[in-house]
Every structure is written in C-alpha cells, then in structure tokens.
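Beneath this line is the structure, given in structure tokens, with notes to follow.
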Amino acid sequence: MPDTTTLAPVSPLSHRLLAMNESATIAMAKKARELMATGIDVINLSFGEPDFQTPQYIKDAAKQALDDGHTFYTPVPGIPELRQAICDKFKRDNQLDFQPNQIVVSTGAKQSLANAVLSLVNPGEEVIVFAPYWVSYEEMVKLAEGVPVTLVGTLENEYKVTAAQLEAAITPRTKLIMYSSPCNPTGAVFSREELGEIAEVLARHPQVYALADEIYEYINFVGEHASLAHFDEIKDRVITVNGFSKGYAMTGWRLGYLAARADIASACEKMQSQITSGTCSITQRAGLAALRGGRASADEMVAAYRRRRDLVLDIVKDIPGFNTPTPSGAFYIFPEVSAYFNRLAPDGSTIRDSSDLALYLLNDAHVSAVSGDAFGAPECMRFSTAAADDKLVEAFRRIKASLAKL
C-alpha cells in the first residue's frame, strides 16, 4: 500500500469559495468588537453604517404592516406597490423612466449587485472595476468566475477614473464595468459631464454593460446627482442599483433594488428566485413608506454628515502624512498614508503597509479603520465619519498621538 502519511488533507470547500476573500470591513469590525468585549474603549470607524435611527414614520409603517397581516411570502421581485414607488422615485429624483417589470427588489443593494454580476458575467469574461472600489465588487466577479480588471483613478482627479482610461482598458473580452457614485470609499462624485464622456466610450463598445451603484445617492454635498442611465445611447445597457440603508438609515432592514432593461431584470429575478426568493414582507412595507415620505429625513442626516466631514477635515489637516482629498459625498475620508510605511512601531515591529497601520491604530489608538488594500488602493485607509462629533474628535486625537510614535 502507498504511504499517504505525508499527503496534505484536501479541503472539502469549493474552489470558488477558496478564491474569495472575507469582507475587509466586516473583518475589521469583528476585530474591534473583540477588543471591546475585553473592556477596551474602541471607537469604530470601520463600518459603513449611519449612526442615526431609522425615521419614526418608517418604523410605524412596519408596525402597521404587522397589524395588517402582511406576514406572507411576497413576489420574488417585490410587492407591486413598492416596485411602482421605486419607478416613481426614479422619475422624481433622477428623471428616469422605468416600469415595474424593470425593477427587482432584493435583500439589500449587495444582493442586487450580486444578482446582476451573476446574471451577466460568464467564466473568463472581464469586468472593469473602477478603483478605489467597494470591497465586495472584485469578490462578486470572482464568484461569477469572471476576471476583475482594476482601473485606478488618480488622487489628483479625486480618484475618479476617466473616459480615456476606460477606453484604453476595454478589450474584446470586456463584459461589464462597475463603479459607485458617490463613491465608497473615496466620497468622489461623478459629474454629468464625466459620465457623459464615459457613456460616449460605452456607445462605441456595444458588448459592454455598466453596473452603477448609487446607494449613496442622497449623501451628496455638491448638488445634482447624475446617473449613467440618463444617456439614451447606452441606457439599455446600464443596471442601476440603489437601496434604503444609507439615505434612510435602514441598514438592518436589508432592502435594496435594481432597475434594468426588462430581460436583464427578469434574469436577476430568476437568479434571486433560486437563492432567497422575495425579501422580508415587513421590510418592503417600511420601504414603501420611506419612499412615499420623501427626502426630508435624508436631508437632515446629510446636513449632519456635511458638518462631520468638515470637522474631520479640519482636524486631519494637522496630521503629518495624511493626504486627504475633500469628499463630495458619502461619509468617509480616504487619506493617502504611505508616509507611515516602513516605520518602526514602539514594540519594534515594522509598519509595512496600510494593513499593518490599521492594526497598529486598532491596538494602540483603539480606533478601527480599514486598510486601503481592500478597496484597490493599498497606499490609503478608509475612516467612516458616520459617528457623533465628540467620538470623531476623540478618535482623530488618538490617531494623531499614535502616529507620532512611529
């Protein structure tokens, strides 16, 4: 018999799972919670979550939905009333015309993104991901067995990818582009003119589709929100994703949606039907109330986010080695921090990269942030500004003191 004592055990897990990385934001939040469980006062700036409560009128709608008996399965793409309200929202806020059969409601915008990627991308097809990007984009492409192609914007252009960069990156194997605006993690916002130039590129490449993540739409400090689907020559190839977590402080409710050409929406519905079916009936009723209630509560939150952004920018301008563009939206700052690489920490270890720096700040300053590696920008770090003013002041006081030790 052959000697098998030296053979390594074979993992029972699938290759597609082993190729994926854990969400970096969730991983860092987990580390922060573990420290907090030991009694340490950790200020968590790693998670992309509003610190506001869901508006009361939305909570009341959920309670009413329970009392009214809305406790049964719903259609896979969402209840008809909510899908119509989403169409009305697109018309009111974005001047976009959709019909309910073009809307698929999902368990969060993340599922909407995954539905679209899995429905469109074949093994070996390329997906151009605008970087810095949200941490899950590349992993979704890997899950679909596509090939992620990272396209990095420059700091001088607020990290925004240009139309010229896109034109140069498209190949015959390109199937899809993915981006967010306002951007997580940078807060950059594409203008209508910039998106128009991107639309011109896509018009020359009819095999390429676009997945536009607009989850931070309402958290915009520069005025108009522009959608790629505005442009007639490519609108049938644009899948627009949005949701309720950021603008309505409904993170735990898990409610998102996409709008797309009818056959693409139908494909996403088919995908979802085999994974989760329709999302929570009570959550959908709450989302319906949110849309019917307008944007007043969102606008109040945005005013607070703007004040916090300005507060943090005023503090970090005095932190040496923090090169921080001014975010135009969302609730993050994304400084370039490579000035601290290859420095010695007080314990004698070397800060080699932003991952090391994030762990150092967690353990020394007791402030959690996320390494730029996870966003396709390894020289940067992401700090959430969705925290109370006093927490932000204390967090960056600690950060400044810790960095001075390096």
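In the structure tokens, chains take the letters A, B, ... in the order shown, each chain's residues start at 1, and ligands count up from 1 in the order shown.
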
What are the nearest atom pairs, with distances in Å to one decimal, for all residues of region 101-127 of chain A that come at most 12 Å from region 169-178 of chain A, using only C-alpha atoms, set out by chain and rising residue number as a tab-separated table?
residue	atom	partner	partner_atom	distance
A:Leu113	CA	A:Met178	CA	9.4
A:Ala114	CA	A:Met178	CA	11.5
A:Ala116	CA	A:Leu176	CA	10.1
A:Val117	CA	A:Leu176	CA	8.4
A:Leu118	CA	A:Leu176	CA	11.4
A:Ser119	CA	A:Leu176	CA	11.4
A:Leu120	CA	A:Lys175	CA	7.9
A:Val121	CA	A:Lys175	CA	6.8
A:Asn122	CA	A:Lys175	CA	8.6
A:Pro123	CA	A:Arg173	CA	10.6
A:Gly124	CA	A:Arg173	CA	7.9
A:Glu125	CA	A:Arg173	CA	5.3
A:Glu126	CA	A:Thr174	CA	4.5
A:Val127	CA	A:Leu176	CA	4.8

> Per DSSP on the backbone, what are the strand (DSSP E) residues of region 253-381 of chain A, as a PyMOL selection string?
Replying inline: chain A and resi 256-259+332-333+343-344+350-351+367-368+370-371+381

> Which residues come within 8 Å of Asn184 (chain A), counting only C-alpha atoms, excluding same-chain residues fewer than 2 positions away, as a PyMOL selection string?
Replying inline: chain A and resi 132-134+180-182+186-187+330+332

Selection to disk with N, CA, C and O atoms, as a compact mmCIF listing (two decimals), in the first residue's frame:
# COMPACT_ATOMS: atom_id res chain seq x y z
N PRO A 132 -10.43 53.47 -6.48
CA PRO A 132 -10.83 52.64 -5.37
C PRO A 132 -12.31 52.20 -5.46
O PRO A 132 -13.15 52.97 -5.90
N TYR A 133 -12.57 50.96 -5.01
CA TYR A 133 -13.89 50.37 -5.15
C TYR A 133 -14.35 49.82 -3.81
O TYR A 133 -13.57 49.60 -2.89
N TRP A 134 -15.66 49.57 -3.75
CA TRP A 134 -16.21 48.90 -2.57
C TRP A 134 -15.69 47.48 -2.51
O TRP A 134 -15.53 46.81 -3.53
N SER A 180 -19.17 53.08 -8.24
CA SER A 180 -20.15 53.73 -7.36
C SER A 180 -19.97 55.24 -7.42
O SER A 180 -18.86 55.74 -7.57
N SER A 181 -21.10 55.95 -7.31
CA SER A 181 -21.08 57.41 -7.25
C SER A 181 -22.35 57.87 -6.51
O SER A 181 -23.45 57.55 -6.96
N PRO A 182 -22.19 58.59 -5.39
CA PRO A 182 -20.96 58.87 -4.66
C PRO A 182 -20.23 57.58 -4.30
O PRO A 182 -20.85 56.56 -4.08
N THR A 186 -14.13 56.67 -1.39
CA THR A 186 -13.48 57.98 -1.51
C THR A 186 -14.41 59.16 -1.29
O THR A 186 -13.96 60.26 -1.00
N GLY A 187 -15.72 58.95 -1.50
CA GLY A 187 -16.66 60.07 -1.47
C GLY A 187 -16.69 60.87 -2.75
O GLY A 187 -17.40 61.88 -2.83
N ALA A 330 -21.04 60.67 0.38
CA ALA A 330 -20.87 59.54 1.29
C ALA A 330 -20.42 60.02 2.66
O ALA A 330 -20.53 61.21 2.98
N TYR A 332 -17.15 59.13 4.41
CA TYR A 332 -15.81 58.61 4.66
C TYR A 332 -14.77 59.67 4.34
O TYR A 332 -15.03 60.58 3.55

> Got a sec: who's within 10 Å of region 152-164 of chain A, counting only C-alpha atoms, leaving out chain neighbours fewer than 4 positions off, as number ranges by chain?
Replying inline: A: 129-133, 168-169, 179, 181, 183, 185-190, 194-202, 323-328, 334-336, 376-377

>> List the spatial neighbours of region 238-249 of chain A as a PyMOL selection string - criterion: any atom at most 7 Å away, only C-alpha atoms, same-chain residues fewer than 3 positions off excluded.
In response: chain A and resi 50+52-54+108-109+112-113+209-216+218-219+229+234-235+255-260+298

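With distances restricted to only C-alpha atoms, A:Ala267 is the closest residue to Asn115 (chain A) from A:Val337, A:Leu403, A:Leu66, A:Ala267.
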